file query_20.pdb (PDB, C-alpha atoms and all ligand atoms)
MODEL        1
ATOM      1  CA  MET A   1      91.694  89.508 119.663
ATOM      2  CA  ILE A   2      93.199  92.494 117.934
ATOM      3  CA  GLY A   3      95.483  93.962 120.518
ATOM      4  CA  PHE A   4      98.067  96.656 120.836
ATOM      5  CA  ILE A   5     101.415  95.512 121.970
ATOM      6  CA  ASN A   6     102.931  98.196 124.113
ATOM      7  CA  LYS A   7     106.531  97.133 124.305
ATOM      8  CA  LYS A   8     109.469  99.458 123.785
ATOM      9  CA  ILE A   9     111.433  98.110 120.862
ATOM     10  CA  GLN A  10     115.045  98.569 121.814
ATOM     11  CA  LYS A  11     117.496  99.890 119.261
ATOM     12  CA  ILE A  12     120.160  97.325 118.540
ATOM     13  CA  ASP A  13     123.490  99.061 119.012
ATOM     14  CA  VAL A  14     125.038  99.785 115.635
ATOM     15  CA  MET A  15     127.377 102.506 114.466
ATOM     16  CA  ASN A  16     125.110 103.809 111.671
ATOM     17  CA  GLU A  17     123.423 107.134 111.960
ATOM     18  CA  ALA A  18     120.061 105.611 111.074
ATOM     19  CA  ARG A  19     118.510 102.313 111.931
ATOM     20  CA  ILE A  20     118.453 100.316 108.706
ATOM     21  CA  ILE A  21     115.381  98.098 108.983
ATOM     22  CA  GLY A  22     114.400  95.575 106.321
ATOM     23  CA  ILE A  23     110.678  94.835 105.960
ATOM     24  CA  ILE A  24     110.581  91.189 104.876
ATOM     25  CA  SER A  25     108.132  88.322 104.448
ATOM     26  CA  GLY A  26     108.072  84.708 103.411
ATOM     27  CA  LYS A  27     104.969  85.205 101.297
ATOM     28  CA  GLY A  28     104.018  87.955  98.844
ATOM     29  CA  GLY A  29     100.986  90.202  99.252
ATOM     30  CA  VAL A  30     101.082  90.276 103.052
ATOM     31  CA  GLY A  31     101.509  94.077 103.191
ATOM     32  CA  LYS A  32     105.252  94.851 103.216
ATOM     33  CA  THR A  33     105.093  97.827 100.876
ATOM     34  CA  THR A  34     101.960  99.127 102.586
ATOM     35  CA  LEU A  35     103.709  98.892 105.964
ATOM     36  CA  THR A  36     106.961 100.412 104.657
ATOM     37  CA  VAL A  37     105.152 103.510 103.382
ATOM     38  CA  ASN A  38     102.730 103.946 106.289
ATOM     39  CA  LEU A  39     105.317 103.211 108.980
ATOM     40  CA  GLY A  40     107.731 105.601 107.253
ATOM     41  CA  MET A  41     105.133 108.376 107.292
ATOM     42  CA  ALA A  42     104.133 107.652 110.882
ATOM     43  CA  LEU A  43     107.809 107.818 111.926
ATOM     44  CA  LYS A  44     108.169 111.085 110.000
ATOM     45  CA  ASN A  45     105.106 112.519 111.752
ATOM     46  CA  LEU A  46     106.865 111.796 115.056
ATOM     47  CA  GLY A  47     109.749 114.023 113.942
ATOM     48  CA  ASN A  48     112.117 111.398 112.537
ATOM     49  CA  ASP A  49     114.059 111.740 109.298
ATOM     50  CA  VAL A  50     113.112 108.759 107.183
ATOM     51  CA  THR A  51     114.290 107.290 103.876
ATOM     52  CA  LEU A  52     112.424 104.457 102.135
ATOM     53  CA  ILE A  53     114.285 102.160  99.761
ATOM     54  CA  ASP A  54     112.586  99.896  97.213
ATOM     55  CA  ALA A  55     114.608  96.681  97.147
ATOM     56  CA  ASP A  56     111.812  94.625  95.572
ATOM     57  CA  PHE A  57     113.397  94.613  92.141
ATOM     58  CA  SER A  58     110.757  92.478  90.407
ATOM     59  CA  ALA A  59     107.499  93.792  91.918
ATOM     60  CA  SER A  60     108.688  97.344  92.482
ATOM     61  CA  ASN A  61     105.733  99.413  93.598
ATOM     62  CA  LEU A  62     106.994 101.646  96.406
ATOM     63  CA  GLY A  63     106.567 104.667  94.104
ATOM     64  CA  VAL A  64     102.955 103.674  93.393
ATOM     65  CA  TYR A  65     102.204 103.342  97.124
ATOM     66  CA  LEU A  66     103.814 106.752  97.644
ATOM     67  CA  GLY A  67     101.061 108.138  95.402
ATOM     68  CA  GLN A  68     102.550 107.523  91.929
ATOM     69  CA  TYR A  69     105.787 109.256  92.820
ATOM     70  CA  ASP A  70     108.821 108.333  90.867
ATOM     71  CA  HIS A  71     112.274 109.494  89.953
ATOM     72  CA  PRO A  72     114.346 108.993  86.801
ATOM     73  CA  VAL A  73     117.308 107.527  88.705
ATOM     74  CA  LYS A  74     116.341 104.112  90.024
ATOM     75  CA  ILE A  75     118.135 101.857  92.532
ATOM     76  CA  GLN A  76     119.276  99.499  89.738
ATOM     77  CA  LYS A  77     121.414 102.299  88.262
ATOM     78  CA  VAL A  78     123.073 102.865  91.645
ATOM     79  CA  LEU A  79     123.605  99.113  92.155
ATOM     80  CA  ARG A  80     125.294  98.970  88.739
ATOM     81  CA  GLY A  81     127.589 101.809  89.814
ATOM     82  CA  GLU A  82     126.190 104.139  87.121
ATOM     83  CA  ALA A  83     124.774 106.720  89.540
ATOM     84  CA  ARG A  84     125.386 107.895  93.089
ATOM     85  CA  VAL A  85     122.784 107.163  95.738
ATOM     86  CA  ASP A  86     122.187 110.885  96.367
ATOM     87  CA  GLN A  87     121.154 111.177  92.701
ATOM     88  CA  ALA A  88     118.487 108.509  93.259
ATOM     89  CA  ILE A  89     117.036 109.926  96.492
ATOM     90  CA  PHE A  90     114.006 112.189  96.095
ATOM     91  CA  ARG A  91     111.877 114.013  98.622
ATOM     92  CA  HIS A  92     108.170 113.202  98.803
ATOM     93  CA  PRO A  93     105.793 116.096  99.722
ATOM     94  CA  THR A  94     105.387 114.539 103.183
ATOM     95  CA  GLY A  95     109.113 115.052 103.785
ATOM     96  CA  VAL A  96     109.863 111.326 103.639
ATOM     97  CA  LYS A  97     112.718 110.563 101.237
ATOM     98  CA  ALA A  98     112.717 107.596  98.888
ATOM     99  CA  VAL A  99     114.622 105.598  96.307
ATOM    100  CA  THR A 100     112.440 103.698  93.846
ATOM    101  CA  SER A 101     113.124 100.648  91.721
ATOM    102  CA  SER A 102     112.672 100.111  87.988
ATOM    103  CA  LYS A 103     109.512  98.423  86.705
ATOM    104  CA  SER A 104     111.174  97.446  83.442
ATOM    105  CA  ILE A 105     111.029  93.694  82.845
ATOM    106  CA  ASN A 106     114.224  94.038  80.818
ATOM    107  CA  GLN A 107     116.255  94.938  83.888
ATOM    108  CA  ALA A 108     118.227  91.874  84.958
ATOM    109  CA  GLU A 109     118.084  90.976  88.653
ATOM    110  CA  PRO A 110     120.729  93.341  90.010
ATOM    111  CA  SER A 111     123.628  92.268  92.171
ATOM    112  CA  THR A 112     123.111  93.273  95.801
ATOM    113  CA  ALA A 113     126.882  93.554  96.422
ATOM    114  CA  MET A 114     126.664  97.362  96.550
ATOM    115  CA  LEU A 115     123.461  97.489  98.620
ATOM    116  CA  ARG A 116     125.144  97.816 102.025
ATOM    117  CA  ASP A 117     127.149 100.832 100.784
ATOM    118  CA  ILE A 118     123.984 102.366  99.349
ATOM    119  CA  LEU A 119     122.067 101.910 102.612
ATOM    120  CA  GLU A 120     124.924 103.311 104.676
ATOM    121  CA  THR A 121     125.158 106.391 102.472
ATOM    122  CA  ALA A 122     121.374 106.829 102.558
ATOM    123  CA  SER A 123     121.436 106.535 106.358
ATOM    124  CA  LYS A 124     123.663 109.585 106.883
ATOM    125  CA  GLY A 125     121.752 112.199 108.828
ATOM    126  CA  GLU A 126     118.619 110.029 108.944
ATOM    127  CA  ASP A 127     116.880 108.347 111.862
ATOM    128  CA  PHE A 128     115.359 105.447 109.949
ATOM    129  CA  VAL A 129     116.013 103.749 106.623
ATOM    130  CA  LEU A 130     113.217 101.300 105.799
ATOM    131  CA  VAL A 131     113.970  98.742 103.097
ATOM    132  CA  ASP A 132     110.977  97.292 101.234
ATOM    133  CA  CYS A 133     112.082  93.751 100.385
ATOM    134  CA  PRO A 134     110.928  91.072  97.953
ATOM    135  CA  PRO A 135     109.183  88.022  99.448
ATOM    136  CA  GLY A 136     110.635  84.551  99.872
ATOM    137  CA  ILE A 137     114.080  83.132 100.160
ATOM    138  CA  GLY A 138     116.843  83.150  97.564
ATOM    139  CA  THR A 139     120.205  84.712  96.901
ATOM    140  CA  THR A 140     118.795  88.194  96.206
ATOM    141  CA  VAL A 141     116.725  88.189  99.414
ATOM    142  CA  GLU A 142     119.718  86.845 101.336
ATOM    143  CA  GLY A 143     121.852  89.691  99.994
ATOM    144  CA  ILE A 144     119.215  92.229 101.032
ATOM    145  CA  ILE A 145     118.876  90.744 104.533
ATOM    146  CA  GLU A 146     122.667  90.855 104.901
ATOM    147  CA  ALA A 147     122.662  94.554 103.955
ATOM    148  CA  CYS A 148     120.135  95.518 106.684
ATOM    149  CA  ASP A 149     120.908  95.906 110.392
ATOM    150  CA  GLU A 150     117.563  94.678 111.684
ATOM    151  CA  LEU A 151     114.488  93.028 110.215
ATOM    152  CA  ILE A 152     110.739  93.141 110.704
ATOM    153  CA  VAL A 153     108.842  90.108 109.400
ATOM    154  CA  VAL A 154     105.349  90.809 108.051
ATOM    155  CA  THR A 155     102.806  88.020 107.960
ATOM    156  CA  MET A 156      99.055  87.353 107.912
ATOM    157  CA  PRO A 157      96.978  85.111 110.200
ATOM    158  CA  THR A 158      96.945  82.176 107.759
ATOM    159  CA  GLN A 159      98.771  78.838 107.946
ATOM    160  CA  THR A 160     100.664  79.394 104.679
ATOM    161  CA  ALA A 161     101.814  82.919 105.514
ATOM    162  CA  SER A 162     102.961  81.833 108.968
ATOM    163  CA  VAL A 163     104.840  78.769 107.675
ATOM    164  CA  ASN A 164     106.612  81.027 105.153
ATOM    165  CA  ALA A 165     107.266  83.616 107.890
ATOM    166  CA  ALA A 166     108.852  80.888 110.024
ATOM    167  CA  GLN A 167     111.135  79.991 107.084
ATOM    168  CA  ILE A 168     112.320  83.574 106.583
ATOM    169  CA  MET A 169     112.822  83.886 110.340
ATOM    170  CA  GLN A 170     115.043  80.793 110.223
ATOM    171  CA  GLU A 171     116.964  82.321 107.314
ATOM    172  CA  CYS A 172     117.622  85.468 109.397
ATOM    173  CA  ARG A 173     118.879  83.337 112.273
ATOM    174  CA  MET A 174     121.226  81.484 109.922
ATOM    175  CA  LEU A 175     122.525  84.827 108.656
ATOM    176  CA  GLU A 176     122.770  85.983 112.296
ATOM    177  CA  LYS A 177     120.616  89.021 111.601
ATOM    178  CA  PRO A 178     118.507  90.396 114.450
ATOM    179  CA  VAL A 179     114.757  90.233 113.902
ATOM    180  CA  LEU A 180     112.857  92.878 115.868
ATOM    181  CA  GLY A 181     109.732  90.732 115.628
ATOM    182  CA  THR A 182     106.668  89.970 113.571
ATOM    183  CA  VAL A 183     103.905  92.270 112.358
ATOM    184  CA  LEU A 184     100.655  90.400 111.928
ATOM    185  CA  ASN A 185      98.719  92.217 109.215
ATOM    186  CA  LYS A 186      95.170  91.992 107.815
ATOM    187  CA  VAL A 187      93.755  90.576 111.045
ATOM    188  CA  GLU A 188      89.975  90.126 110.849
ATOM    189  CA  ASP A 189      89.504  89.112 114.473
ATOM    190  CA  ASN A 190      87.928  85.810 113.521
ATOM    191  CA  PRO A 191      89.617  83.179 115.721
ATOM    192  CA  GLU A 192      87.619  80.359 114.102
ATOM    193  CA  LYS A 193      89.010  81.059 110.657
ATOM    194  CA  GLU A 194      92.423  82.581 111.331
ATOM    195  CA  LEU A 195      95.424  81.991 113.515
ATOM    196  CA  VAL A 196      95.450  83.949 116.756
ATOM    197  CA  ASN A 197      98.415  86.024 117.969
ATOM    198  CA  ARG A 198      99.805  83.308 120.223
ATOM    199  CA  GLU A 199      99.697  80.706 117.442
ATOM    200  CA  VAL A 200     101.604  83.017 115.083
ATOM    201  CA  GLU A 201     104.173  83.734 117.801
ATOM    202  CA  MET A 202     104.618  80.010 118.383
ATOM    203  CA  MET A 203     104.861  79.141 114.673
ATOM    204  CA  THR A 204     107.362  81.885 113.932
ATOM    205  CA  ASP A 205     109.118  81.618 117.315
ATOM    206  CA  SER A 206     109.120  85.403 117.613
ATOM    207  CA  ASN A 207     107.395  88.298 119.360
ATOM    208  CA  LEU A 208     104.524  90.143 117.780
ATOM    209  CA  LEU A 209     105.435  93.816 117.391
ATOM    210  CA  ALA A 210     101.979  94.790 116.213
ATOM    211  CA  THR A 211      98.704  93.378 114.983
ATOM    212  CA  ILE A 212      97.220  95.441 112.179
ATOM    213  CA  PRO A 213      93.523  94.936 111.440
ATOM    214  CA  TYR A 214      92.219  94.251 107.957
ATOM    215  CA  ASP A 215      91.078  97.721 106.936
ATOM    216  CA  GLN A 216      88.792  98.429 103.969
ATOM    217  CA  LYS A 217      90.212 101.948 103.874
ATOM    218  CA  MET A 218      93.625 100.566 102.799
ATOM    219  CA  LYS A 219      92.441  99.986  99.212
ATOM    220  CA  GLU A 220      90.617 103.319  99.183
ATOM    221  CA  SER A 221      93.735 105.179 100.357
ATOM    222  CA  LEU A 222      95.811 103.533  97.617
ATOM    223  CA  PHE A 223      93.219 104.623  95.055
ATOM    224  CA  GLU A 224      93.423 108.160  96.459
ATOM    225  CA  ASN A 225      97.261 108.088  96.208
ATOM    226  CA  THR A 226      97.574 108.866  99.912
ATOM    227  CA  ALA A 227      99.047 106.665 102.636
ATOM    228  CA  LEU A 228      96.401 105.437 105.081
ATOM    229  CA  VAL A 229      97.998 107.177 108.090
ATOM    230  CA  THR A 230      97.382 110.476 106.278
ATOM    231  CA  TYR A 231      94.164 109.520 104.461
ATOM    232  CA  ASP A 232      92.421 108.254 107.593
ATOM    233  CA  PRO A 233      94.621 108.775 110.659
ATOM    234  CA  LEU A 234      91.955 107.430 113.022
ATOM    235  CA  SER A 235      91.253 104.184 111.163
ATOM    236  CA  PRO A 236      92.092 101.018 113.144
ATOM    237  CA  ALA A 237      95.065 100.099 110.903
ATOM    238  CA  SER A 238      96.449 103.661 111.113
ATOM    239  CA  ILE A 239      96.285 103.556 114.908
ATOM    240  CA  ALA A 240      98.143 100.203 115.009
ATOM    241  CA  ILE A 241     100.836 101.477 112.619
ATOM    242  CA  LYS A 242     101.237 104.744 114.544
ATOM    243  CA  GLN A 243     101.628 102.764 117.744
ATOM    244  CA  LEU A 244     104.351 100.637 116.136
ATOM    245  CA  ALA A 245     106.097 103.820 114.937
ATOM    246  CA  ALA A 246     105.962 105.281 118.458
ATOM    247  CA  ASN A 247     107.403 102.071 119.924
ATOM    248  CA  LEU A 248     110.192 102.036 117.326
ATOM    249  CA  SER A 249     111.164 105.600 118.081
ATOM    250  CA  GLY A 250     111.036 104.919 121.814
ATOM    251  CA  GLU A 251     108.013 107.037 122.617
ATOM    252  CA  GLU A 252     104.913 106.321 124.616
ATOM    253  CA  TYR A 253     101.896 106.048 122.358
ATOM    254  CA  GLU A 254      98.805 107.872 123.457
ATOM    255  CA  ARG A 255      95.669 106.483 121.888
ATOM    256  CA  PRO A 256      93.502 109.361 120.604
ATOM    257  CA  LYS A 257      90.671 110.138 123.002
ATOM    258  CA  LEU A 258      87.019 109.703 122.011
ATOM    259  CA  LEU A 259      88.127 107.537 119.078
ATOM    260  CA  LYS A 260      84.713 106.017 118.397
ATOM    261  CA  ALA A 261      82.967 109.392 118.451
ATOM    262  CA  LYS A 262      85.582 110.944 116.152
ATOM    263  CA  ARG A 263      85.314 108.048 113.670
ATOM    264  CA  LYS A 264      81.508 108.420 113.701
ATOM    265  CA  MET A 265      81.805 112.165 113.021
ATOM    266  CA  ASN A 266      84.181 111.463 110.107
ATOM    267  CA  ARG A 267      81.723 108.931 108.649
ATOM    268  CA  ILE A 268      78.891 111.461 108.876
ATOM    269  CA  LYS A 269      81.067 114.155 107.273
ATOM    270  CA  SER A 270      82.027 111.850 104.394
ATOM    271  CA  ILE A 271      78.336 110.998 103.792
ATOM    272  CA  LEU A 272      77.441 114.716 103.760
ATOM    273  CA  ASN A 273      80.264 115.595 101.334
TER
HETATM  274  N1  LIG A 301      95.841  96.029 106.898
HETATM  275  C1  LIG A 301      95.375  95.895 105.657
HETATM  276  N2  LIG A 301      94.037  95.859 105.441
HETATM  277  C2  LIG A 301      93.536  95.688 104.201
HETATM  278  N3  LIG A 301      94.290  95.554 103.089
HETATM  279  C3  LIG A 301      95.620  95.597 103.231
HETATM  280  C4  LIG A 301      96.244  95.773 104.518
HETATM  281  N4  LIG A 301      97.594  95.786 104.337
HETATM  282  C5  LIG A 301      97.806  95.643 103.009
HETATM  283  N5  LIG A 301      96.635  95.525 102.341
HETATM  284  C6  LIG A 301      96.433  95.332 100.886
HETATM  285  O1  LIG A 301      97.058  94.100 100.527
HETATM  286  C7  LIG A 301      97.576  94.184  99.203
HETATM  287  C8  LIG A 301      99.042  93.755  99.208
HETATM  288  O2  LIG A 301      99.792  94.690  99.966
HETATM  289  P1  LIG A 301     101.301  94.997  99.630
HETATM  290  O3  LIG A 301     101.777  96.014 100.599
HETATM  291  O4  LIG A 301     101.492  95.308  98.175
HETATM  292  O5  LIG A 301     101.984  93.579  99.951
HETATM  293  P2  LIG A 301     103.487  93.086  99.693
HETATM  294  O6  LIG A 301     104.349  94.302  99.534
HETATM  295  O7  LIG A 301     103.838  92.275 100.887
HETATM  296  O8  LIG A 301     103.437  92.266  98.441
HETATM  297  C9  LIG A 301      97.359  95.632  98.742
HETATM  298  O9  LIG A 301      96.210  95.670  97.922
HETATM  299  C10 LIG A 301      97.130  96.396 100.042
HETATM  300  O10 LIG A 301      96.284  97.515  99.856
HETATM  301 MG    MG A 302     105.616  94.891  97.939
ENDMDL
END
call {"tool": "encode", "arguments": {"input": "query_20.pdb", "output": "structure tokens", "more": "lines below"}}
Ligand SMILES: Nc1ncnc2c1ncn2[C@@H]1O[C@H](COP(=O)(O)OP(=O)(O)O)[C@@H](O)[C@H]1O
Ligand SMILES: [Mg+2]
result
Amino acid sequence: MIGFINKKIQKIDVMNEARIIGIISGKGGVGKTTLTVNLGMALKNLGNDVTLIDADFSASNLGVYLGQYDHPVKIQKVLRGEARVDQAIFRHPTGVKAVTSSKSINQAEPSTAMLRDILETASKGEDFVLVDCPPGIGTTVEGIIEACDELIVVTMPTQTASVNAAQIMQECRMLEKPVLGTVLNKVEDNPEKELVNREVEMMTDSNLLATIPYDQKMKESLFENTALVTYDPLSPASIAIKQLAANLSGEEYERPKLLKAKRKMNRIKSILN
């Protein structure tokens, strides 16, 4: 069953001004970038200062998910020591700040040696720095995990995604990095064809922080260059992401009242428009 996990997610005590949270996965396409952007905006809407960092150097699409926003100074330039991080940070109209990554196939895989410094500088005066990571395991991913303070593992209710999530979880344990838990995304509430929450928790040996339903509106919102939490704040996936944001910032989440009626009204309005 798609459920809402109402646990306070405790801040792990670190000296940084912001919590530096890496959004990781064992498998690609599970929804890391989608979650990074939507969670960032939901945290911003709760009054937090948020910076998003694209650390997926080969499939860099944070800027696309931010609604085709980009900036001439990319993270690769900062990692090479050719620009300062403040030159790469730009402010999105929502107030969320971001650093994007180059899409050029000619850019060699950058060294992550400088990443910790970059994240620490970006965290000054912020509440949250969310790092959109590449999938899988390897030296680059290891370097990125090392640079973050805490990790959230994103997975889907399939065997392959969960096996890969378990591997990345093991990697984090080896690197002695705290994992806040797992976000189970694209849940279709079909226990005969997909793993249920408990099975994913057992396979990954971790707590579920949130279950996010498969939401048709996700694709639509991408097409409209607007994050789902803004495009359709009452959609089931938006509600789950907003609840996760509230838990992360230590607030009680209040589910909107008359949700079904409001969704129905919105559907009628969109038909009439
Ligand atoms: N909850 C969801 N419901 C439906 N589609 C989703 C959901 N989350 C992500 N997607 C879609 O899945 C695809 C992959 O998402 P993306 O965030 O790019 O994954 P990753 O960054 O892990 O590779 C995108 O087309 C995105 O719109
Ligand atoms: Mg991605």
call {"tool": "resolve_selection", "arguments": {"input": "query_20.pdb", "expression": "the PyMOL selection byres (((chain A and resi 211) around 10) and not hetatm)", "output": "MDAnalysis selection string"}}
result
chainID A and resid 1:5 154:157 182:187 197 208:210 212:214 237 240:241 244
call {"tool": "closest_atom_pairs", "arguments": {"input": "query_20.pdb", "of": "chain A", "to": "ligand MG 302 (chain A)", "cutoff": "8 Å", "atoms": "only C-alpha atoms and all ligand atoms", "output": "CSV"}}
result
residue,atom,partner,partner_atom,distance
A:Gly28,CA,A:MG302,MG,7.2
A:Gly29,CA,A:MG302,MG,6.7
A:Gly31,CA,A:MG302,MG,6.7
A:Lys32,CA,A:MG302,MG,5.3
A:Thr33,CA,A:MG302,MG,4.2
A:Thr34,CA,A:MG302,MG,7.3
A:Asp56,CA,A:MG302,MG,6.6
A:Ala59,CA,A:MG302,MG,6.4
A:Ser60,CA,A:MG302,MG,6.7
A:Asn61,CA,A:MG302,MG,6.3
A:Leu62,CA,A:MG302,MG,7.1
A:Asp132,CA,A:MG302,MG,6.7
A:Cys133,CA,A:MG302,MG,7.0
A:Pro134,CA,A:MG302,MG,6.5
A:Pro135,CA,A:MG302,MG,7.9
call {"tool": "residues_near_point", "arguments": {"input": "query_20.pdb", "point": "(116.1, 102.5, 89.9)", "cutoff": "7 Å", "atoms": "all atoms listed in the file", "output": "MDAnalysis selection string"}}
result
chainID A and resid 73:77 100:102
call {"tool": "closest_residue", "arguments": {"input": "query_20.pdb", "among": "A:Gly136, A:Gly22, A:Gly67, A:Pro93", "to": "Arg116 (chain A)", "atoms": "all atoms listed in the file"}}
result
A:Gly22
call {"tool": "residues_around", "arguments": {"input": "query_20.pdb", "residues": "Glu176 (chain A)", "least_positions_apart": "3", "cutoff": "12 Å", "atoms": "all atoms listed in the file", "output": "VMD selection string"}}
result
chain A and resid 142 145 to 151 169 to 173 179
call {"tool": "axis_aligned_box", "arguments": {"input": "query_20.pdb", "around": "ligand LIG 301 (chain A)", "padding_each_side": "4 Å", "output": "AutoDock Vina command-line options"}}
result
--center_x 98.9 --center_y 94.9 --center_z 102.4 --size_x 18.8 --size_y 13.2 --size_z 17.0
call {"tool": "resolve_selection", "arguments": {"input": "query_20.pdb", "expression": "the PyMOL selection byres (((chain A and resi 246-256) around 12) and not hetatm)", "output": "MDAnalysis selection string"}}
result
chainID A and resid 4:12 18:19 21 39:50 127:128 130 150 152 180:181 209:210 233:236 238:245 257:263
call {"tool": "resolve_selection", "arguments": {"input": "query_20.pdb", "expression": "the PyMOL selection byres (((chain A and resi 121-124) around 9) and not hetatm)", "output": "list in words"}}
result
Asn16, Glu17, Ala18, Arg19, Ile20, Val50, Thr51, Ile53, Val85, Asp86, Ile89, Arg116, Asp117, Ile118, Leu119, Glu120, Gly125, Glu126, Asp127, Phe128 and Val129 of chain A
call {"tool": "closest_residue", "arguments": {"input": "query_20.pdb", "among": "A:Leu228, A:Met174, A:Ile105, A:Met203", "to": "ligand LIG 301 (chain A)", "atoms": "all atoms listed in the file"}}
result
A:Leu228
call {"tool": "closest_residue", "arguments": {"input": "query_20.pdb", "among": "A:Lys219, A:Lys264, A:Lys269, A:Arg84", "to": "ligand LIG 301 (chain A)", "atoms": "all atoms listed in the file"}}
result
A:Lys219
call {"tool": "closest_residue", "arguments": {"input": "query_20.pdb", "among": "A:Ser206, A:Gln216, A:Thr230, A:Asn164", "to": "ligand LIG 301 (chain A)", "atoms": "all atoms listed in the file"}}
result
A:Gln216
call {"tool": "residues_around", "arguments": {"input": "query_20.pdb", "residues": "Val200 (chain A)", "least_positions_apart": "4", "cutoff": "8 Å", "atoms": "all atoms listed in the file", "output": "PyMOL selection string"}}
result
chain A and resi 157+162+195-196+204-205
call {"tool": "write_last_selection", "arguments": {"input": "query_20.pdb", "atoms": "C-alpha atoms", "output": "CSV table (one decimal), in the frame of the given file"}}
result
chain,number,residue,atom,x,y,z
A,157,PRO,CA,97.0,85.1,110.2
A,162,SER,CA,103.0,81.8,109.0
A,195,LEU,CA,95.4,82.0,113.5
A,196,VAL,CA,95.4,83.9,116.8
A,204,THR,CA,107.4,81.9,113.9
A,205,ASP,CA,109.1,81.6,117.3
call {"tool": "atom_distance", "arguments": {"input": "query_20.pdb", "atom1": "atom C6 of ligand LIG 301 (chain A)", "atom2": "CA of Glu109 (chain A)"}}
result
25.2 Å
call {"tool": "residues_around", "arguments": {"input": "query_20.pdb", "residues": "Val37 (chain A)", "least_positions_apart": "5", "cutoff": "7 Å", "atoms": "only C-alpha atoms", "output": "list in words"}}
result
Tyr65, Leu66 and Ala227 of chain A
call {"tool": "atom_distance", "arguments": {"input": "query_20.pdb", "atom1": "CA of Thr36 (chain A)", "atom2": "CA of Val78 (chain A)"}}
result
20.9 Å
call {"tool": "build_atoms", "arguments": {"input": "query_20.pdb", "residues": "region 90-104 of chain A", "atoms": "N, CA and C atoms", "output": "compact mmCIF listing (two decimals), keeping the file's coordinate frame"}}
result
# COMPACT_ATOMS: atom_id res chain seq x y z
N PHE A 90 114.88 111.02 96.31
CA PHE A 90 114.01 112.19 96.10
C PHE A 90 113.15 112.41 97.34
N ARG A 91 112.67 113.65 97.44
CA ARG A 91 111.88 114.01 98.62
C ARG A 91 110.39 114.04 98.26
N HIS A 92 109.62 113.26 98.98
CA HIS A 92 108.17 113.20 98.80
C HIS A 92 107.56 114.42 99.50
N PRO A 93 106.39 114.92 99.06
CA PRO A 93 105.79 116.10 99.72
C PRO A 93 105.62 115.95 101.24
N THR A 94 105.52 114.74 101.73
CA THR A 94 105.39 114.54 103.18
C THR A 94 106.71 114.77 103.92
N GLY A 95 107.80 114.88 103.15
CA GLY A 95 109.11 115.05 103.78
C GLY A 95 109.89 113.75 103.88
N VAL A 96 109.19 112.63 103.66
CA VAL A 96 109.86 111.33 103.64
C VAL A 96 110.70 111.26 102.36
N LYS A 97 111.90 110.71 102.45
CA LYS A 97 112.72 110.56 101.24
C LYS A 97 112.60 109.13 100.72
N ALA A 98 112.87 108.95 99.43
CA ALA A 98 112.72 107.60 98.89
C ALA A 98 113.64 107.34 97.71
N VAL A 99 113.92 106.07 97.51
CA VAL A 99 114.62 105.60 96.31
C VAL A 99 113.73 104.52 95.72
N THR A 100 113.34 104.68 94.45
CA THR A 100 112.44 103.70 93.85
C THR A 100 113.22 102.73 92.95
N SER A 101 112.51 101.72 92.50
CA SER A 101 113.12 100.65 91.72
C SER A 101 112.46 100.60 90.34
N SER A 102 113.20 100.12 89.35
CA SER A 102 112.67 100.11 87.99
C SER A 102 111.60 99.05 87.80
N LYS A 103 110.57 99.40 86.99
CA LYS A 103 109.51 98.42 86.70
C LYS A 103 109.79 97.67 85.41
N SER A 104 110.89 98.04 84.74
CA SER A 104 111.17 97.45 83.44
C SER A 104 111.47 95.96 83.59
